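*Asks:* Sharing a structure here in structure tokens format.
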Amino acid sequence: MSKKYVYLFSEGNGSMKPLLGGKGANLAEMTNLGMPVPRGFTITTEACTKYYDDGEVIAPEIQDEIMAYVATLEKQTGKKFGDRENPLLVSVRSGARASMPGMMDTILNLGLNEDVVEVVARKSNNPRWAWDCFRRFIQMYSDVVMEVGKKYFEELIDEMKEKRGVKQDTELTAEDLKELAQQFKAEYKSKIGTDFPSDPIDQMMGAVKAVFRSWNNQRAIVYRRMNDIPGSWGTAVNVQEMVFGNLGDTSGTGVAFTRNPATGERKLFGEFLMNAQGEDVVAGIRTPQTIDQLKEVMPAAYNDFVKICATLESHYRDMQDMEFTIEDKKLFMLQTRNGKRTAAAALKIACDLVDEGVINEKEAVLMIDPKNLDALLHPQFDADALKKAEPIGTGLAASPGAASGKAVFTAEDAKEWVQKGEKVVLVRLETSPEDIEGMAAAQGILTVRGGMTSHAAVVARGMGTCCVAGCGAIKMDEENKRFELGGKTYKEGDWISLDGSTGNIYGEAIKTTDASIGGEFGRIMAWADKYRKLNVRTNADTPRDARQARKFGAEGIGLCRTEHMFFEADRIPAIREMICADTVEQREKALLKLEPMQQSDFEGIYEAMEGLPVTIRYLDPPLHEFVPTEEDDIAQLAKDLGKSVDDIKAIIASLHEFNPMMGHRGCRLAVTYPEIAVMQTKAVIKAAINVKKKHPDWALVPEIMIPLVGEIKELQYVKKIVVDTADALIKESGSDLKYKVGTMIELPRACVTADEIAKEAEFFSFGTNDLTQMTFGFSRDDAGKFLDAYYQKKILESDPFARLDQAGVGKLVKMGVELGRATRPDLKIGICGEHGGDPSSVEFCHNIGLNYVSCSPFRVPIARLAAAQAALKG
Ligand code: PEP
Ligand code: MG
């Protein structure tokens, strides 16, 4: 039997998301539940992937199948495409497996042409409405299918309003709209070179193709990268009989959530617009009414809707996000899906559903997106600073959190300024999906128009970015990059602050403080801890970071980068003295100054960790990073060291390397200057002896980690220095201190010879930053310059420095684990590259049997949750 590419809603069900996409599967499920869903069919995601495999054409057999389903839909509805009596009009919408709000394209009112619009005008007795539908259709079709920019059409509308002396679109008459439709068609012809298609079948094939194409538009690619959605999934296409929310004052359209997506409160939350079509609500052009008001306006439809909400929520056992249309008082459901929500709402909803007996703890752990937690863990406004600040205006509290940054007015500016190291708040009339990269880069987003379900609000909540939406009091001057609010003008670069929890806007920078977490967060984390197998450590170089990480649940330090301590103002002179030394004696003298400072750093860190494991990584970066570059600093250094400026410059020049990341760094430093390893060992061991004396009950076992080992003899050489130094100190002090010497695995050669290396190493920690750099041969500092081109050309889907490349780098990691444990079956293995806090990479680490992941303090809760999810999925 040949493959089936099209399914009627009545042929599908909710479990068919991979094939029918989320929207299609849920439309099928709602149809099966007997809910009022306009009839239609879904063209599968496999048709989309075939479209790409076939070189961006819809195969003839799929076209035939679509035609057969059009015929079925005509039979079911009693309407016909292009009919003079009862014409069929449809919507064509995208729907991928994972929801991608606003990322792909929708076309409404398809099937209209010059003849059909007259029929619709006559039959509805509402020519104004009919022509409005037609001009909308031409506009959407041109934009989506033919990529003729929306703005040309909007200009034509504005001209028409000016000519007629009216302000609102709704004041235009049927005749005006008819004239506009003609102008739109002319515009289409002038831009495309052919007539606007009048045959509904041609229109539909064009629309289906456009939806397939939209899977690979720029904003969809960016959204997928941010949300780990594979490009290979493709999108389905839903073709559905139109129902009209713009038929007059007994019609409308809206979106609603079964619980509040910002707070999680168990109460219907949403908004609707009377006499409007779907895109009017989401685009945020008119300000909608709240769902409660629907009760007064149309009680019967409201009651039906409330019943359906309850049924859907208990059916899906999760908060639902629904779209509906009321056509002449009759309710139709156009979509349901598990709703996007803020981190705070996600936690509350999960706990409430457990308490309501709807789901169990494991399901609660699985339903929270670990990345979402980020928002909870980030700074809030300092309460005192906030009290002193005076709001200059308020908007809707669309996505919580605090943001302080310089005002910018375009998404491109946001991206550029952030790349230059600025903090920005993106201020827009309204956002559109093209703005996604700028929105992701900004600290916060402020819009003039739009409600809680506007694009800005939905996308910001998904990203965990603070957003204040719909502040209508703003007088916006986008062209000149400034706005007026509260009687003052704010220009590009002026500081503003947003409170995404109250909607307040401030015309100044406001200090922020660390997040505090508790309540539901603690409950979910406790459940996560019950099920996870991986330990979660942190990368921390200071007692302060270590304490922060412990508050977030870190179970040890997986990476303490000792060089970070050397950069501090009181240490840098000593390290420079060491680098500029001419003899071993001079170097040892300089190191002697550093030793007590480093020892006290380690004591602070051991104290903060209270006996939990601490892994200390020996000096790693190339030494040129420590020497001055400014003339003044060079002169000062020369003076301090009693050398000439030229001598110092000669030393600095001698440190120059063509490939410093592959140069004199890592264990190579200890090989050339063993006295550095001696000093660091003394500091590690003396600190541990001291702290152990104070806290004899703590299980303090320092883990000394040698970086960038590629050959076992490197490790043997450095380890001997460490052991000789440490054992002598321990013996001398009479302490019973134990310690371990292990290595980072961050070179391909180390992975391949891990069985050898494990003979010496008492633990492994994968440094996947360097391992990614060395495996791809991509500089970790410069890859940003070409990665964008790689995403665009679909060579890579995500940044391999953020998300572990499982097919390549991951294979080396797996090999390293297997070879290492072949030599030393109980070898303790962790990961301390950036990937240790990335959920999909954490899952990989669980699957290949690592003992722990280590990540920055703020990502510890994310890793705990991701580890639990990995264990529960397994
Ligand atoms: C690594 O390379 O993954 C690592 C953790 O070390 P660093 O980032 O300090 O090079
Ligand atoms: Mg490294």
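Here's how to read the names in the structure tokens: chain A, B, ... by the order shown, residue numbers from 1 in each chain, ligand numbers from 1 in the order shown.
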Can you list, as a PyMOL selection string, every residue of segment 36-229 of chain A that DSSP puts in strand (DSSP E)?
*Replies:* chain A and resi 40-43+90-96+106-110
*Asks:* For N, CA and C atoms, I'd like the residues from the last selection saved as a compact mmCIF listing (two decimals), in the first residue's frame.
*Replies:*
```txt
# COMPACT_ATOMS: atom_id res chain seq x y z
N GLY A 40 -11.98 19.44 8.55
CA GLY A 40 -10.77 19.67 7.76
C GLY A 40 -9.88 18.45 7.71
N PHE A 41 -8.70 18.64 7.19
CA PHE A 41 -7.73 17.55 7.09
C PHE A 41 -6.31 18.08 7.31
N THR A 42 -5.42 17.12 7.58
CA THR A 42 -4.02 17.47 7.85
C THR A 42 -3.12 16.80 6.83
N ILE A 43 -2.23 17.58 6.24
CA ILE A 43 -1.21 17.03 5.35
C ILE A 43 0.02 16.79 6.24
N VAL A 90 -11.43 28.11 3.08
CA VAL A 90 -10.64 27.38 4.08
C VAL A 90 -9.52 28.24 4.67
N SER A 91 -9.03 27.78 5.82
CA SER A 91 -7.78 28.33 6.35
C SER A 91 -6.69 27.29 6.09
N VAL A 92 -5.48 27.75 5.90
CA VAL A 92 -4.34 26.85 5.73
C VAL A 92 -3.30 27.26 6.76
N ARG A 93 -3.01 26.33 7.68
CA ARG A 93 -2.11 26.70 8.78
C ARG A 93 -1.02 25.67 8.97
N SER A 94 0.12 26.14 9.44
CA SER A 94 1.20 25.24 9.76
C SER A 94 0.95 24.59 11.12
N GLY A 95 1.67 23.53 11.42
CA GLY A 95 1.56 22.90 12.73
C GLY A 95 2.64 21.87 12.91
N ALA A 96 3.73 22.26 13.55
CA ALA A 96 4.85 21.33 13.74
C ALA A 96 4.61 20.43 14.94
N THR A 106 0.27 31.33 8.28
CA THR A 106 -1.15 31.02 8.25
C THR A 106 -1.80 31.83 7.14
N ILE A 107 -2.73 31.20 6.42
CA ILE A 107 -3.51 31.94 5.42
C ILE A 107 -4.99 31.69 5.68
N LEU A 108 -5.74 32.76 5.76
CA LEU A 108 -7.18 32.64 6.01
C LEU A 108 -7.96 33.04 4.75
N ASN A 109 -9.23 32.58 4.70
CA ASN A 109 -10.18 32.98 3.64
C ASN A 109 -9.78 32.48 2.25
N LEU A 110 -9.01 31.40 2.22
CA LEU A 110 -8.57 30.90 0.92
C LEU A 110 -9.76 30.29 0.18
```
*Asks:* Give the residue list for ligand 2 at 8 Å, counting only C-alpha atoms and all ligand atoms, as a ChimeraX atom specification, sorted by chain and then by residue number.
*Replies:* /A:620,666,707-708,744,746,767-771,833
*Asks:* Show me which residues sit within 10 Å of ligand 1 when counting only C-alpha atoms and all ligand atoms, and put them as a ChimeraX atom specification.
*Replies:* /A:539,558-564,617,619-621,661,665-666,707-708,744-747,765-774,780,801,831-836,854-855
*Asks:* May I have the selected residues written with N, CA and C atoms, as a compact mmCIF listing (two decimals), in the first residue's frame?
*Replies:*
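As a result, again_38.txt now contains:
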```txt
# COMPACT_ATOMS: atom_id res chain seq x y z
N ASN A 539 30.73 24.78 38.81
CA ASN A 539 32.01 25.40 38.46
C ASN A 539 32.07 26.70 39.26
N GLY A 558 32.98 20.93 40.76
CA GLY A 558 33.53 20.07 39.73
C GLY A 558 34.68 20.73 38.99
N LEU A 559 34.75 22.06 39.13
CA LEU A 559 35.84 22.79 38.48
C LEU A 559 36.08 24.11 39.19
N CYS A 560 37.26 24.23 39.80
CA CYS A 560 37.69 25.52 40.33
C CYS A 560 38.87 25.95 39.46
N ARG A 561 38.65 27.00 38.67
CA ARG A 561 39.70 27.45 37.75
C ARG A 561 40.63 28.39 38.52
N THR A 562 41.81 27.88 38.88
CA THR A 562 42.65 28.66 39.80
C THR A 562 43.16 29.96 39.19
N GLU A 563 43.27 30.03 37.86
CA GLU A 563 43.81 31.26 37.27
C GLU A 563 42.92 32.46 37.53
N HIS A 564 41.63 32.22 37.72
CA HIS A 564 40.74 33.36 37.97
C HIS A 564 41.15 34.11 39.22
N ARG A 617 41.52 22.77 39.60
CA ARG A 617 42.23 22.61 38.33
C ARG A 617 43.46 23.52 38.33
N LEU A 619 46.82 25.66 36.99
CA LEU A 619 46.93 26.78 36.04
C LEU A 619 46.84 26.30 34.59
N ASP A 620 45.97 26.95 33.82
CA ASP A 620 45.65 26.45 32.48
C ASP A 620 45.93 27.42 31.33
N PRO A 621 45.65 28.73 31.47
CA PRO A 621 45.70 29.57 30.26
C PRO A 621 47.12 29.91 29.84
N MET A 661 45.57 28.95 21.98
CA MET A 661 44.75 27.90 22.59
C MET A 661 45.35 26.51 22.36
N ARG A 665 50.14 26.10 27.25
CA ARG A 665 49.08 26.21 28.26
C ARG A 665 48.83 24.82 28.84
N GLY A 666 47.86 24.76 29.80
CA GLY A 666 47.48 23.47 30.39
C GLY A 666 48.67 22.84 31.11
N PRO A 707 45.13 19.87 33.79
CA PRO A 707 44.42 20.16 32.54
C PRO A 707 45.19 19.77 31.28
N LEU A 708 44.43 19.57 30.23
CA LEU A 708 44.93 19.46 28.86
C LEU A 708 45.99 18.36 28.67
N MET A 744 41.77 16.33 33.39
CA MET A 744 40.70 16.71 32.47
C MET A 744 40.93 15.94 31.19
N ILE A 745 39.82 15.52 30.60
CA ILE A 745 39.89 14.89 29.28
C ILE A 745 39.32 15.93 28.33
N GLU A 746 40.20 16.60 27.62
CA GLU A 746 39.72 17.68 26.76
C GLU A 746 40.46 17.74 25.43
N LEU A 747 41.19 16.68 25.16
CA LEU A 747 41.84 16.57 23.86
C LEU A 747 41.41 15.24 23.24
N SER A 765 37.56 14.29 34.28
CA SER A 765 36.50 15.28 34.09
C SER A 765 36.60 15.77 32.65
N PHE A 766 35.50 15.60 31.91
CA PHE A 766 35.55 15.99 30.50
C PHE A 766 35.43 17.50 30.36
N GLY A 767 36.48 18.09 29.80
CA GLY A 767 36.45 19.53 29.50
C GLY A 767 35.95 19.68 28.09
N THR A 768 34.63 19.71 27.96
CA THR A 768 34.06 19.65 26.61
C THR A 768 34.15 20.98 25.86
N ASN A 769 34.55 22.05 26.55
CA ASN A 769 34.80 23.30 25.81
C ASN A 769 36.00 23.10 24.90
N ASP A 770 37.10 22.70 25.51
CA ASP A 770 38.28 22.46 24.69
C ASP A 770 38.10 21.24 23.79
N LEU A 771 37.42 20.23 24.30
CA LEU A 771 37.25 19.03 23.47
C LEU A 771 36.45 19.36 22.20
N THR A 772 35.47 20.24 22.33
CA THR A 772 34.70 20.66 21.15
C THR A 772 35.59 21.47 20.21
N GLN A 773 36.35 22.37 20.82
CA GLN A 773 37.27 23.21 20.03
C GLN A 773 38.26 22.35 19.24
N MET A 774 38.83 21.37 19.93
CA MET A 774 39.88 20.57 19.32
C MET A 774 39.32 19.53 18.35
N ARG A 780 37.10 28.37 20.05
CA ARG A 780 35.97 28.65 20.93
C ARG A 780 35.74 30.14 21.07
N PHE A 801 29.23 24.56 21.06
CA PHE A 801 29.83 24.94 22.35
C PHE A 801 28.75 25.08 23.44
N ILE A 831 31.74 15.89 33.99
CA ILE A 831 31.92 16.81 32.86
C ILE A 831 31.90 18.21 33.45
N CYS A 832 32.80 19.09 32.99
CA CYS A 832 32.81 20.44 33.54
C CYS A 832 32.83 21.52 32.46
N GLY A 833 32.67 21.12 31.19
CA GLY A 833 32.51 22.12 30.13
C GLY A 833 31.13 22.75 30.25
N GLU A 834 30.89 23.78 29.46
CA GLU A 834 29.61 24.50 29.48
C GLU A 834 28.40 23.57 29.33
N HIS A 835 28.62 22.44 28.68
CA HIS A 835 27.52 21.52 28.40
C HIS A 835 26.92 20.92 29.66
N GLY A 836 27.65 21.00 30.78
CA GLY A 836 27.16 20.41 32.03
C GLY A 836 25.87 21.05 32.53
N SER A 854 28.96 19.18 36.05
CA SER A 854 29.30 20.38 36.80
C SER A 854 29.02 21.59 35.93
N CYS A 855 28.34 22.59 36.51
CA CYS A 855 27.93 23.74 35.69
C CYS A 855 27.96 25.00 36.54
```
*Asks:* Just asking: which residues within segment 48-285 of chain A are alpha helix (DSSP H) according to DSSP, as a count of residues only?
*Replies:* 117
*Asks:* Quick one: residues within 12 Å of Lys720 of chain A, only C-alpha atoms counted, chain neighbours fewer than 2 positions away excluded, as a ChimeraX atom specification?
*Replies:* /A:670-671,674,677-678,681,706,713-718,722-727,741,760-761
*Asks:* Return the single residue from A:Lys719, A:Lys371, A:Lys329, A:Arg259 that is closest to Cys309 of chain A, with distances computed using only C-alpha atoms.
*Replies:*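 Nearest candidate to Cys309 of chain A out of A:Lys719, A:Lys371, A:Lys329, A:Arg259: A:Arg259.
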*Asks:* I'd like the contact shell of Lys738 of chain A - 9 Å cut-off, only C-alpha atoms, skipping same-chain residues fewer than 3 positions apart - returned as a PyMOL selection string.
*Replies:* chain A and resi 700-702+730+735
